[in-house]
file final-v8.txt (compact mmCIF, C-alpha atoms and all ligand atoms)
# COMPACT_ATOMS: atom_id res chain seq x y z
CA MET A 1 121.76 83.03 92.49
CA LEU A 2 118.15 82.00 91.80
CA ARG A 3 116.00 80.61 94.58
CA VAL A 4 112.54 79.30 93.75
CA GLU A 5 110.64 78.16 96.83
CA ASP A 6 107.42 76.30 97.31
CA LEU A 7 105.64 77.57 94.19
CA SER A 8 102.02 76.65 93.64
CA ILE A 9 99.77 77.76 90.80
CA SER A 10 96.54 76.41 89.34
CA PHE A 11 94.80 77.05 86.06
CA GLY A 12 91.06 76.49 86.32
CA GLY A 13 91.30 73.77 88.93
CA LEU A 14 94.37 72.11 87.42
CA ALA A 15 97.39 72.31 89.73
CA ALA A 16 100.20 73.18 87.31
CA LEU A 17 102.74 73.49 90.16
CA SER A 18 102.43 72.19 93.72
CA GLY A 19 105.12 73.25 96.19
CA PHE A 20 107.88 73.32 93.60
CA SER A 21 111.33 74.48 94.71
CA VAL A 22 114.68 74.67 92.96
CA GLU A 23 117.91 76.61 93.41
CA VAL A 24 120.50 77.56 90.83
CA ALA A 25 124.00 78.64 91.88
CA ALA A 26 126.14 81.10 89.93
CA ARG A 27 127.72 79.52 86.82
CA GLU A 28 125.68 76.36 87.21
CA ILE A 29 123.81 74.67 84.34
CA VAL A 30 120.60 73.16 85.69
CA ALA A 31 118.07 71.25 83.60
CA LEU A 32 114.37 71.06 84.37
CA ILE A 33 112.86 67.98 82.76
CA GLY A 34 109.57 66.11 82.90
CA PRO A 35 106.72 64.84 80.73
CA ASN A 36 104.51 67.19 78.67
CA GLY A 37 102.34 69.39 80.87
CA ALA A 38 104.49 68.79 83.97
CA GLY A 39 104.78 72.54 84.67
CA LYS A 40 108.26 73.33 83.30
CA SER A 41 107.37 76.36 81.18
CA THR A 42 105.14 77.61 83.99
CA VAL A 43 108.25 77.83 86.22
CA PHE A 44 109.91 80.03 83.57
CA ASN A 45 106.77 82.15 83.23
CA ILE A 46 106.72 82.80 86.97
CA VAL A 47 110.45 83.59 87.17
CA THR A 48 110.15 86.08 84.28
CA GLY A 49 107.02 87.73 85.69
CA LEU A 50 104.52 86.51 83.07
CA GLU A 51 102.50 84.49 85.60
CA ARG A 52 101.94 85.08 89.31
CA PRO A 53 101.92 82.05 91.61
CA ALA A 54 99.19 81.55 94.20
CA SER A 55 101.95 81.05 96.76
CA GLY A 56 105.70 80.71 97.02
CA ARG A 57 108.80 82.90 96.75
CA VAL A 58 111.27 83.68 93.97
CA THR A 59 114.49 85.59 94.62
CA PHE A 60 117.37 86.45 92.29
CA LEU A 61 120.58 87.62 93.97
CA GLY A 62 118.45 88.22 97.05
CA ARG A 63 115.88 90.41 95.25
CA ASP A 64 112.21 89.50 95.39
CA LEU A 65 111.16 88.86 91.77
CA LEU A 66 107.49 88.40 92.65
CA ALA A 67 107.36 92.11 93.55
CA MET A 68 108.53 93.07 90.03
CA GLY A 69 107.09 93.10 86.53
CA PRO A 70 108.70 91.49 83.47
CA HIS A 71 110.74 94.56 82.49
CA ALA A 72 112.21 95.09 85.94
CA ILE A 73 113.06 91.38 86.10
CA ALA A 74 114.83 91.60 82.74
CA ARG A 75 116.80 94.60 83.99
CA CYS A 76 117.95 92.53 86.98
CA GLY A 77 119.85 90.36 84.50
CA ILE A 78 117.48 87.58 83.51
CA ALA A 79 116.79 86.74 79.85
CA ARG A 80 114.91 83.86 78.27
CA THR A 81 113.99 82.13 75.06
CA PHE A 82 110.55 80.67 74.40
CA GLN A 83 109.40 77.14 73.64
CA ASN A 84 107.55 78.51 70.60
CA THR A 85 110.33 80.61 69.13
CA GLU A 86 109.46 84.30 69.34
CA VAL A 87 111.34 86.55 66.93
CA PHE A 88 110.04 89.76 65.37
CA ARG A 89 109.27 88.18 62.05
CA GLN A 90 109.12 91.30 59.87
CA LEU A 91 112.28 92.86 61.29
CA THR A 92 115.76 92.06 60.07
CA VAL A 93 117.99 89.69 61.96
CA LEU A 94 120.19 92.61 63.05
CA ASP A 95 117.22 94.66 64.31
CA ASN A 96 115.97 91.68 66.32
CA VAL A 97 119.29 91.61 68.18
CA LEU A 98 119.36 95.42 68.57
CA ILE A 99 116.04 95.18 70.40
CA GLY A 100 117.75 92.88 72.88
CA CYS A 101 120.58 95.42 73.28
CA HIS A 102 118.10 98.22 73.94
CA ALA A 103 116.59 96.27 76.80
CA HIS A 104 119.53 97.40 78.91
CA LEU A 105 120.83 100.62 77.34
CA ARG A 106 120.98 103.57 79.71
CA ALA A 107 119.95 106.46 77.47
CA GLY A 108 116.16 106.84 77.45
CA ALA A 109 113.77 106.73 74.51
CA LEU A 110 113.15 110.49 74.64
CA ARG A 111 116.84 111.30 74.36
CA GLY A 112 116.98 108.72 71.58
CA ALA A 113 114.25 110.55 69.69
CA LEU A 114 116.23 113.80 70.05
CA GLY A 115 119.39 112.17 68.64
CA LEU A 116 121.65 113.37 71.47
CA PRO A 117 125.36 112.42 71.33
CA ALA A 118 125.27 109.98 74.26
CA VAL A 119 122.50 108.11 72.49
CA LEU A 120 124.36 107.98 69.21
CA ARG A 121 127.42 106.61 71.00
CA GLU A 122 125.29 103.95 72.65
CA GLU A 123 123.61 103.17 69.35
CA GLY A 124 127.00 102.61 67.72
CA ALA A 125 128.11 100.40 70.58
CA ALA A 126 124.84 98.45 70.38
CA ARG A 127 125.37 97.81 66.67
CA ALA A 128 128.90 96.57 67.31
CA THR A 129 127.63 94.29 70.09
CA ALA A 130 124.81 92.99 67.90
CA ARG A 131 127.13 92.24 65.00
CA ALA A 132 129.60 90.46 67.29
CA LEU A 133 126.79 88.31 68.67
CA LEU A 134 125.55 87.43 65.19
CA ALA A 135 129.08 86.41 64.22
CA ARG A 136 129.37 84.35 67.39
CA LEU A 137 126.18 82.47 66.51
CA GLY A 138 127.03 82.04 62.84
CA LEU A 139 124.35 84.47 61.66
CA GLU A 140 126.55 87.27 60.32
CA GLY A 141 125.63 86.43 56.72
CA GLN A 142 121.92 86.88 57.52
CA ALA A 143 122.10 90.26 59.33
CA GLY A 144 120.02 92.06 56.71
CA VAL A 145 117.36 89.44 55.99
CA GLU A 146 113.89 89.34 57.54
CA ALA A 147 113.74 87.02 60.51
CA ARG A 148 110.76 85.14 59.08
CA SER A 149 112.82 83.96 56.12
CA LEU A 150 115.19 81.99 58.38
CA PRO A 151 114.70 78.24 58.89
CA LEU A 152 113.61 77.25 62.42
CA GLY A 153 117.12 76.29 63.55
CA LEU A 154 118.44 79.74 62.70
CA GLN A 155 115.39 81.50 64.19
CA LYS A 156 116.14 79.71 67.44
CA ARG A 157 119.73 80.92 67.29
CA LEU A 158 118.52 84.43 66.58
CA GLU A 159 116.25 84.31 69.60
CA LEU A 160 119.26 83.23 71.67
CA ALA A 161 121.34 86.09 70.22
CA ARG A 162 118.60 88.55 71.21
CA ALA A 163 118.49 87.14 74.75
CA LEU A 164 122.30 87.40 75.03
CA ALA A 165 122.24 90.98 73.73
CA ALA A 166 120.62 92.04 77.00
CA GLU A 167 123.81 90.83 78.73
CA PRO A 168 121.98 88.64 81.23
CA ARG A 169 123.59 86.86 84.16
CA LEU A 170 120.91 84.18 84.18
CA LEU A 171 119.64 82.66 80.96
CA LEU A 172 116.45 80.59 80.84
CA LEU A 173 116.21 78.35 77.75
CA ASP A 174 112.85 76.67 77.06
CA GLU A 175 113.45 73.67 74.77
CA PRO A 176 116.39 75.17 72.90
CA ALA A 177 116.88 71.94 70.91
CA GLY A 178 113.19 71.58 69.96
CA GLY A 179 112.96 71.08 66.19
CA LEU A 180 116.74 71.02 65.71
CA ASN A 181 118.50 68.23 63.81
CA PRO A 182 121.26 66.20 65.55
CA THR A 183 124.07 68.31 64.04
CA GLU A 184 122.39 71.55 65.18
CA THR A 185 121.79 70.04 68.63
CA GLN A 186 125.48 69.11 68.96
CA ALA A 187 126.46 72.68 68.06
CA LEU A 188 123.96 74.02 70.60
CA MET A 189 125.43 71.81 73.34
CA GLY A 190 128.88 73.26 72.67
CA LEU A 191 127.47 76.77 72.71
CA ILE A 192 125.63 76.32 76.03
CA VAL A 193 128.77 75.07 77.74
CA ARG A 194 130.88 77.89 76.25
CA LEU A 195 128.38 80.51 77.44
CA ARG A 196 128.94 79.28 80.96
CA ASP A 197 132.70 78.70 80.69
CA GLU A 198 133.61 81.86 78.78
CA ARG A 199 130.93 84.37 79.78
CA GLY A 200 130.25 83.06 83.25
CA LEU A 201 126.54 82.71 82.52
CA THR A 202 124.20 80.78 84.77
CA ILE A 203 121.74 78.65 82.82
CA LEU A 204 118.43 77.01 83.67
CA LEU A 205 117.09 74.99 80.76
CA VAL A 206 113.99 72.98 79.96
CA GLU A 207 114.64 70.26 77.43
CA HIS A 208 113.24 66.95 76.18
CA ASP A 209 116.43 65.96 74.32
CA MET A 210 118.09 63.71 76.91
CA GLU A 211 121.45 63.68 75.13
CA LEU A 212 121.62 67.45 75.52
CA VAL A 213 120.40 67.32 79.13
CA MET A 214 122.90 64.62 80.09
CA GLY A 215 125.69 66.29 78.13
CA VAL A 216 125.56 69.82 79.55
CA SER A 217 123.86 69.77 82.96
CA ASP A 218 125.53 69.93 86.34
CA ARG A 219 122.25 69.06 87.97
CA VAL A 220 118.79 67.92 86.83
CA ALA A 221 115.42 68.51 88.51
CA VAL A 222 112.48 66.38 87.43
CA LEU A 223 108.88 67.61 87.45
CA ASN A 224 105.81 65.41 87.14
CA TYR A 225 102.26 66.79 87.49
CA GLY A 226 103.65 69.98 89.03
CA ARG A 227 105.70 68.26 91.73
CA LYS A 228 109.45 67.71 91.90
CA ILE A 229 109.94 63.95 91.94
CA ALA A 230 113.73 63.85 91.73
CA GLU A 231 116.82 66.02 91.64
CA GLY A 232 120.49 65.20 91.30
CA GLN A 233 123.40 64.54 88.99
CA PRO A 234 122.40 63.62 85.42
CA ARG A 235 123.65 60.03 85.61
CA ALA A 236 121.83 59.31 88.86
CA ILE A 237 118.62 60.89 87.56
CA ALA A 238 118.62 58.76 84.41
CA VAL A 239 118.28 55.55 86.45
CA GLU A 240 116.09 56.88 89.27
CA PRO A 241 113.00 54.62 89.40
CA ALA A 242 110.52 57.48 89.94
CA VAL A 243 111.88 59.24 86.85
CA VAL A 244 111.84 56.15 84.67
CA GLU A 245 108.27 55.52 85.80
CA ALA A 246 107.16 59.10 85.07
CA TYR A 247 108.51 58.86 81.53
CA LEU A 248 107.66 55.26 80.65
CA GLY A 249 104.74 54.38 82.90
CA ARG A 250 104.93 51.68 85.56
CA GLU A 251 106.95 48.65 84.66
CA ASP A 252 104.03 46.32 85.43
CA ASP A 253 101.64 48.33 83.18
N1 LIG B 1 98.09 80.21 80.99
C1 LIG B 1 97.57 79.00 81.15
N2 LIG B 1 96.24 78.79 81.19
C2 LIG B 1 95.72 77.58 81.37
N3 LIG B 1 96.44 76.45 81.54
C3 LIG B 1 97.78 76.59 81.50
C4 LIG B 1 98.42 77.84 81.30
N4 LIG B 1 99.76 77.66 81.32
C5 LIG B 1 99.95 76.34 81.52
N5 LIG B 1 98.77 75.69 81.64
C6 LIG B 1 98.59 74.25 81.92
O1 LIG B 1 99.45 73.95 83.01
C7 LIG B 1 100.09 72.69 82.81
C8 LIG B 1 101.58 72.88 82.78
O2 LIG B 1 101.92 73.57 81.59
P1 LIG B 1 103.42 73.88 81.17
O3 LIG B 1 103.34 74.64 79.91
O4 LIG B 1 104.13 74.51 82.31
O5 LIG B 1 104.00 72.41 80.93
P2 LIG B 1 105.41 71.96 80.36
O6 LIG B 1 106.04 71.09 81.39
O7 LIG B 1 106.17 73.14 79.89
O8 LIG B 1 104.98 71.03 79.13
P3 LIG B 1 105.62 70.83 77.67
O9 LIG B 1 106.76 69.88 77.85
O10 LIG B 1 104.52 70.23 76.87
O11 LIG B 1 106.02 72.18 77.17
C9 LIG B 1 99.51 72.13 81.51
O12 LIG B 1 98.45 71.29 81.83
C10 LIG B 1 99.05 73.37 80.79
O13 LIG B 1 97.99 73.07 79.91
MG MG B 2 106.77 73.79 78.08
call {"tool": "encode", "arguments": {"input": "final-v8.txt", "output": "structure tokens", "more": "lines below"}}
Ligand SMILES: Nc1ncnc2c1ncn2[C@@H]1O[C@H](COP(=O)(O)OP(=O)(O)OP(=O)(O)O)[C@@H](O)[C@H]1O
Ligand SMILES: [Mg+2]
result
Amino acid sequence: MLRVEDLSISFGGLAALSGFSVEVAAREIVALIGPNGAGKSTVFNIVTGLERPASGRVTFLGRDLLAMGPHAIARCGIARTFQNTEVFRQLTVLDNVLIGCHAHLRAGALRGALGLPAVLREEGAARATARALLARLGLEGQAGVEARSLPLGLQKRLELARALAAEPRLLLLDEPAGGLNPTETQALMGLIVRLRDERGLTILLVEHDMELVMGVSDRVAVLNYGRKIAEGQPRAIAVEPAVVEAYLGREDD
């Protein structure tokens, strides 16, 4: 479904990615792990059109994503959450999710401004979808409150609800468990697996919480200083010497 090939990008002389490749098949859950600064979020930024690589190729269902901007990429069916949770703080929880719905509604903004019937029908459908998503994520009681008043764990769930509202086929999650307590992380693990099993979503996630990575991933790719140093099944990756060394330093150090 997603094919990332031979990506390289530098920021002011620092090679953030060097020849990085990864593939994600439909309905797969793939984790991208690695130490801080390894280049994980940069991969997401390139796939979603926020950064352009110096070289490499990115295709989604055969379409060249590097030829598209962020909005066109979103319309192809790719949604993401951010490492530093990004919700519209002054908007209500419900409006945050409606914005996600509007990312893929057919009726245009002009028709919306004119209040034409097709738009009103879509608007009603969007509200129903948004409310269903909030219920699904346990946020139905907060629909009317400002997003900024939610604790971090719920803001992260709201951001996920907004991403899902766009009805993506591929979901990119950047540290979804960051800042969550163990109970919240357990609930998130269940949710990630259900999104794949019940909605058929394909998921690429970046995460430092190894319990989550080991618990949900079909496959793990490991980045270190912008290069892929290992890839495979979670259990094999956990004992791979190059991975242990990248995380802990050399044994003889
Ligand atoms: N827009 C940018 N401008 C300058 N440097 C950047 C930019 N984006 C990323 N970098 C640098 O590129 C490297 C990789 O960053 P990236 O955010 O991809 O790492 P990461 O693996 O997501 O790390 P973390 O686990 O800390 O989130 C880092 O050294 C970072 O400082
Ligand atoms: Mg990051």
call {"tool": "residues_near_ligand", "arguments": {"input": "final-v8.txt", "ligand": "ligand LIG 1 (chain B)", "cutoff": "9 Å", "atoms": "only C-alpha atoms and all ligand atoms", "output": "PyMOL selection string"}}
result
chain A and resi 9-12+14-17+32-45+51+83+174-175+206-208+223-226
call {"tool": "atom_distance", "arguments": {"input": "final-v8.txt", "atom1": "atom CA of Lys156 of chain A", "atom2": "atom CA of Gln233 of chain A"}}
result
27.3 Å
call {"tool": "closest_residue", "arguments": {"input": "final-v8.txt", "among": "A:Thr202, A:Thr48, A:Asn181, A:Thr92", "to": "Gly153 of chain A", "atoms": "only C-alpha atoms"}}
result
A:Asn181
call {"tool": "closest_residue", "arguments": {"input": "final-v8.txt", "among": "A:Leu173, A:Val243, A:Leu191, A:Met214", "to": "ligand MG 2 (chain B)", "atoms": "all atoms listed in the file"}}
result
A:Leu173
call {"tool": "atom_distance", "arguments": {"input": "final-v8.txt", "atom1": "atom CA of Glu159 of chain A", "atom2": "atom CA of His71 of chain A"}}
result
17.4 Å
call {"tool": "closest_residue", "arguments": {"input": "final-v8.txt", "among": "A:Leu205, A:Val24, A:Val244, A:Leu180", "to": "ligand MG 2 (chain B)", "atoms": "only C-alpha atoms and all ligand atoms"}}
result
A:Leu205
call {"tool": "atom_distance", "arguments": {"input": "final-v8.txt", "atom1": "atom CA of Pro234 of chain A", "atom2": "atom CA of Val220 of chain A"}}
result
5.8 Å
call {"tool": "closest_residue", "arguments": {"input": "final-v8.txt", "among": "A:Arg75, A:Ser55, A:Leu139, A:Glu28", "to": "Leu195 of chain A", "atoms": "only C-alpha atoms"}}
result
A:Glu28
call {"tool": "build_atoms", "arguments": {"input": "final-v8.txt", "residues": "segment 88-102 of chain A", "atoms": "N, CA, C and O atoms", "output": "compact mmCIF listing (two decimals), in the frame of the given file"}}
result
# COMPACT_ATOMS: atom_id res chain seq x y z
N PHE A 88 110.86 88.77 66.08
CA PHE A 88 110.04 89.76 65.37
C PHE A 88 110.17 89.46 63.89
O PHE A 88 111.19 89.77 63.27
N ARG A 89 109.15 88.83 63.35
CA ARG A 89 109.27 88.18 62.05
C ARG A 89 109.55 89.15 60.91
O ARG A 89 110.26 88.83 59.98
N GLN A 90 108.96 90.38 60.99
CA GLN A 90 109.12 91.30 59.87
C GLN A 90 110.39 92.17 59.99
O GLN A 90 110.71 92.89 59.07
N LEU A 91 111.06 92.08 61.13
CA LEU A 91 112.28 92.86 61.29
C LEU A 91 113.47 92.06 60.80
O LEU A 91 113.43 90.83 60.73
N THR A 92 114.55 92.77 60.49
CA THR A 92 115.76 92.06 60.07
C THR A 92 116.37 91.34 61.27
O THR A 92 116.06 91.64 62.43
N VAL A 93 117.25 90.43 60.94
CA VAL A 93 117.99 89.69 61.96
C VAL A 93 118.74 90.67 62.86
O VAL A 93 118.67 90.58 64.09
N LEU A 94 119.43 91.64 62.26
CA LEU A 94 120.19 92.61 63.05
C LEU A 94 119.27 93.41 63.98
O LEU A 94 119.58 93.60 65.16
N ASP A 95 118.13 93.87 63.47
CA ASP A 95 117.22 94.66 64.31
C ASP A 95 116.65 93.83 65.46
O ASP A 95 116.44 94.35 66.56
N ASN A 96 116.42 92.54 65.24
CA ASN A 96 115.97 91.68 66.32
C ASN A 96 116.98 91.69 67.47
O ASN A 96 116.60 91.76 68.64
N VAL A 97 118.26 91.63 67.13
CA VAL A 97 119.29 91.61 68.18
C VAL A 97 119.43 92.99 68.82
O VAL A 97 119.62 93.11 70.04
N LEU A 98 119.27 94.05 68.01
CA LEU A 98 119.36 95.42 68.57
C LEU A 98 118.27 95.65 69.62
O LEU A 98 118.49 96.35 70.61
N ILE A 99 117.11 95.06 69.41
CA ILE A 99 116.04 95.18 70.40
C ILE A 99 116.49 94.59 71.73
O ILE A 99 116.24 95.14 72.80
N GLY A 100 117.19 93.47 71.66
CA GLY A 100 117.75 92.88 72.88
C GLY A 100 118.75 93.82 73.54
O GLY A 100 118.75 94.00 74.76
N CYS A 101 119.60 94.46 72.73
CA CYS A 101 120.58 95.42 73.28
C CYS A 101 119.87 96.56 73.99
O CYS A 101 120.27 96.99 75.06
N HIS A 102 118.79 97.06 73.37
CA HIS A 102 118.10 98.22 73.94
C HIS A 102 117.43 97.92 75.26
O HIS A 102 117.14 98.82 76.02
